[in-house]
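What follows is a single structure, written as structure tokens, with notes after it.
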Amino acid sequence: MSELVTGEAVVLGLRTARLPSRALARLLDWAVYTVAYVILAVGLLMGLSDLEDAAQAAFAIGVLVFCTVLLPTLVETLSQGRSLGKIALGLRVVRTDGGPIRFRHALVRGLVGVIDFGLLAMPAVLSSLFSAEGRRLGDIFGGTMVIRERLPQGARDQGAVPPVPPQVMHALGADLVALDLSAVPDGLWLSARQVLGRMHELDKPVAAALGDRMAADMAQRTGWPVPAGLPSLVYLGAVLMERQRREWERASAAAHAAYTAQLAQQQAQAQAQAPYGAVPAQAAAPASERTPPVRQLGYPQAPQPGAVALAKPAEEPAAKPAEPTGEAGGGFAPPA
């Protein structure tokens, strides 16, 4: 186990990878890179068969350098320290502070790896045996180390937080709502979130010690002590959930206020653009033909600025047919 100190001064106890697992991961990577080298070399030699021997040798050396240094560097950079062999064995390359590696770290590891694995891998084996963290020369010069990202099932179960009865979590609700979280700094929130996110990768004593220390600091700033019988990590998780709930409520209220203001502005624009005497189409229709409003989830859609209709003029009654009269030219005269 290795104690890594993050940028927020949080001590993380991570399981470092030892020589057997690293050697097996290296063998798997070496097999993959060898196959890639053979395919590229044969393809280039077949395509460049018309060149001179010196040019073909130069291309072969370039392919060898690419598959030995550049390809492992690109793979570790893009995958953030996880090559194919390390993924198969649950390993990962990280910085000495626990953060993900970058291109310069992977490049130094690849360049020094020529020395580490050049003489039958003896430099890498000796440096790993004499290092307390199992680091080879490439890790020492690059400021990196290899950790076990995927723990065995037994070790993962030992580090798990014991389950809390539902009635206990229900009883904490009233206390959480009444908490004053304004005195908690952002650094403590970030540290607690990091520890909770990686607690399954930590050893059980280390996780318990970190949880107790942060829970004590959180209780001192909020004025709410850790309830008896409640694990410190569960206490931290409950306080973090309450803070996220409050942030979500504030964000939702701000979004709703902005939406209401936008809706009122669109309605004012629609009324200003409507001609004199215009009424909405829904109001112009008879009461018997109006469609009832439909309730939908979420915010209602804002009316378009031109979504108005002129009032339909009242239909004039049809002219009645003229009644027959006895005047000349007005029809047939009645019989005598």
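Naming works like this for the structure tokens: A, B, ... for the chains as they're shown, residue 1 at the start of each chain, ligands 1 onward in shown order.
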Ala238 of chain A environment, 10 Å, only C-alpha atoms, sequence neighbours closer than 6 positions dropped, as JSON, numbers by chain: {"A": [169, 172, 173, 176, 232, 244]}
Could the residues in this selection be saved with N, CA and C atoms as a short mmCIF file (atom, residue, chain, number, x, y, z; two decimals), in the first residue's frame?
```cif
data_model
loop_
_atom_site.label_atom_id
_atom_site.label_comp_id
_atom_site.auth_asym_id
_atom_site.auth_seq_id
_atom_site.Cartn_x
_atom_site.Cartn_y
_atom_site.Cartn_z
N MET A 169 -31.57 6.34 8.26
CA MET A 169 -31.44 7.36 7.22
C MET A 169 -32.68 8.26 7.18
N LEU A 172 -32.51 10.93 9.82
CA LEU A 172 -31.52 11.99 9.59
C LEU A 172 -32.06 13.12 8.73
N GLY A 173 -33.22 12.92 8.11
CA GLY A 173 -33.73 13.92 7.18
C GLY A 173 -33.98 15.26 7.82
N LEU A 176 -30.70 17.04 8.58
CA LEU A 176 -29.99 17.51 7.39
C LEU A 176 -30.61 18.79 6.84
N SER A 232 -18.65 7.13 9.57
CA SER A 232 -18.26 8.49 9.18
C SER A 232 -18.41 8.72 7.68
N GLN A 244 -26.02 18.98 -2.42
CA GLN A 244 -26.40 18.86 -3.83
C GLN A 244 -27.90 19.12 -4.02
#
```
Those of segment 25-167 of chain A in DSSP helix (DSSP H, G or I), formatted as JSON, numbers by chain: {"A": [25, 26, 27, 28, 29, 30, 31, 32, 33, 34, 35, 36, 37, 38, 39, 40, 41, 42, 43, 44, 45, 46, 47, 53, 54, 55, 56, 57, 58, 59, 60, 61, 62, 63, 64, 65, 66, 67, 68, 69, 70, 71, 72, 73, 74, 75, 76, 77, 78, 84, 85, 86, 87, 88, 89, 103, 104, 105, 106, 107, 108, 109, 110, 111, 112, 113, 114, 115, 116, 122, 123, 124, 125, 126, 127, 128, 129, 130, 137, 138, 139, 140, 141, 142, 153, 154, 155, 156, 157, 158, 166, 167]}
If we count only C-alpha atoms and set the cut-off at 12 Å, which residues sit around segment 28-30 of chain A, ignoring sequence neighbours fewer than 4 positions away in its own chain? Please answer as a PDB file with C-alpha atoms, in the first residue's frame.
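Written file, selection-v4.pdb:
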```pdb
ATOM      1  CA  SER A  21       1.444  -8.447 -12.055  1.00  0.00           C
ATOM      2  CA  ARG A  22       3.457  -5.743 -13.783  1.00  0.00           C
ATOM      3  CA  ALA A  23       5.634  -8.315 -15.555  1.00  0.00           C
ATOM      4  CA  LEU A  24       2.592 -10.191 -16.843  1.00  0.00           C
ATOM      5  CA  THR A  34       5.347  -7.187 -31.587  1.00  0.00           C
ATOM      6  CA  VAL A  35       2.400  -8.196 -33.755  1.00  0.00           C
ATOM      7  CA  ALA A  36       1.896  -4.547 -34.747  1.00  0.00           C
ATOM      8  CA  TYR A  37       5.606  -4.239 -35.614  1.00  0.00           C
ATOM      9  CA  CYS A  67       6.329   0.401 -31.991  1.00  0.00           C
ATOM     10  CA  THR A  68       8.816   0.545 -29.114  1.00  0.00           C
ATOM     11  CA  VAL A  69       8.484   4.140 -27.895  1.00  0.00           C
ATOM     12  CA  LEU A  71       3.021   3.590 -29.797  1.00  0.00           C
ATOM     13  CA  PRO A  72       3.177   2.784 -26.033  1.00  0.00           C
ATOM     14  CA  VAL A  75      -1.659   4.325 -25.879  1.00  0.00           C
ATOM     15  CA  GLU A  76      -0.914   5.347 -22.273  1.00  0.00           C
ATOM     16  CA  ARG A  82      -4.203   1.942 -19.106  1.00  0.00           C
ATOM     17  CA  SER A  83      -2.602  -0.182 -21.806  1.00  0.00           C
ATOM     18  CA  LEU A  84      -4.117  -3.464 -22.971  1.00  0.00           C
ATOM     19  CA  GLY A  85      -2.052  -5.534 -20.555  1.00  0.00           C
ATOM     20  CA  LYS A  86      -2.835  -3.221 -17.634  1.00  0.00           C
ATOM     21  CA  ILE A  87      -6.543  -3.289 -18.441  1.00  0.00           C
ATOM     22  CA  ALA A  88      -6.475  -7.100 -18.432  1.00  0.00           C
ATOM     23  CA  LEU A  89      -4.849  -7.177 -14.972  1.00  0.00           C
ATOM     24  CA  GLY A 113      11.785   1.863 -20.986  1.00  0.00           C
ATOM     25  CA  PHE A 117      13.802  -3.649 -20.846  1.00  0.00           C
TER      26      PHE A 117
END
```
Every residue of segment 30-242 of chain A that DSSP places in strand (DSSP E), as JSON, numbers by chain: {"A": [91, 92, 93, 94, 95, 144, 145, 146, 147, 148]}
Go ahead and dump the residues you just picked, N, CA, C and O atoms, as a JSON list (two decimals), in the first residue's frame.
```json
[["chain", "number", "residue", "atom", "x", "y", "z"],
["A", 91, "LEU", "N", -4.65, -2.81, -13.73],
["A", 91, "LEU", "CA", -3.60, -1.88, -13.30],
["A", 91, "LEU", "C", -3.77, -0.55, -14.03],
["A", 91, "LEU", "O", -4.47, -0.45, -15.04],
["A", 92, "ARG", "N", -3.09, 0.45, -13.50],
["A", 92, "ARG", "CA", -3.15, 1.78, -14.11],
["A", 92, "ARG", "C", -1.94, 2.58, -13.68],
["A", 92, "ARG", "O", -1.50, 2.50, -12.52],
["A", 93, "VAL", "N", -1.42, 3.38, -14.61],
["A", 93, "VAL", "CA", -0.29, 4.27, -14.32],
["A", 93, "VAL", "C", -0.85, 5.63, -13.90],
["A", 93, "VAL", "O", -1.67, 6.22, -14.62],
["A", 94, "VAL", "N", -0.41, 6.14, -12.76],
["A", 94, "VAL", "CA", -0.84, 7.44, -12.25],
["A", 94, "VAL", "C", 0.39, 8.24, -11.85],
["A", 94, "VAL", "O", 1.50, 7.71, -11.76],
["A", 95, "ARG", "N", 0.18, 9.53, -11.64],
["A", 95, "ARG", "CA", 1.26, 10.36, -11.11],
["A", 95, "ARG", "C", 1.50, 10.05, -9.64],
["A", 95, "ARG", "O", 0.71, 9.37, -8.99],
["A", 144, "THR", "N", 5.92, 8.78, -11.89],
["A", 144, "THR", "CA", 4.69, 7.99, -11.96],
["A", 144, "THR", "C", 4.82, 6.74, -11.10],
["A", 144, "THR", "O", 5.89, 6.43, -10.57],
["A", 145, "MET", "N", 3.74, 6.01, -11.00],
["A", 145, "MET", "CA", 3.70, 4.73, -10.32],
["A", 145, "MET", "C", 2.51, 3.95, -10.85],
["A", 145, "MET", "O", 1.59, 4.52, -11.44],
["A", 146, "VAL", "N", 2.54, 2.64, -10.67],
["A", 146, "VAL", "CA", 1.48, 1.75, -11.14],
["A", 146, "VAL", "C", 0.70, 1.26, -9.94],
["A", 146, "VAL", "O", 1.28, 0.76, -8.97],
["A", 147, "ILE", "N", -0.62, 1.41, -9.99],
["A", 147, "ILE", "CA", -1.49, 1.01, -8.88],
["A", 147, "ILE", "C", -2.45, -0.06, -9.37],
["A", 147, "ILE", "O", -2.64, -0.26, -10.57],
["A", 148, "ARG", "N", -3.05, -0.72, -8.41],
["A", 148, "ARG", "CA", -4.09, -1.71, -8.70],
["A", 148, "ARG", "C", -5.43, -0.99, -8.71],
["A", 148, "ARG", "O", -5.95, -0.60, -7.67]]
```
Contacts of segment 130-136 of chain A at 10 Å (only C-alpha atoms; same-chain gap of 5+ positions) as a list in words: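 Residues near the query, excluding close chain neighbours: Met1, Ser2, Glu3, Arg15, Thr16, Ala17, Arg18, Leu19, Arg22, Arg109, Val112, Gly113, Asp116, Pro123, Ala124, Val125, Phe141, Gly142, Gly143, Thr144, Met145, Val146 and Ile147 of chain A.
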One-decimal distance in Å that lies between atom CA of Arg193 of chain A and atom CA of Thr96 of chain A: 20.0 Å
Point-to-point distance from atom CA of Ala41 of chain A to atom CA of Ala60 of chain A, Å rounded to tenths: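 Between atom CA of Ala41 of chain A and atom CA of Ala60 of chain A the gap works out to 6.2 Å.
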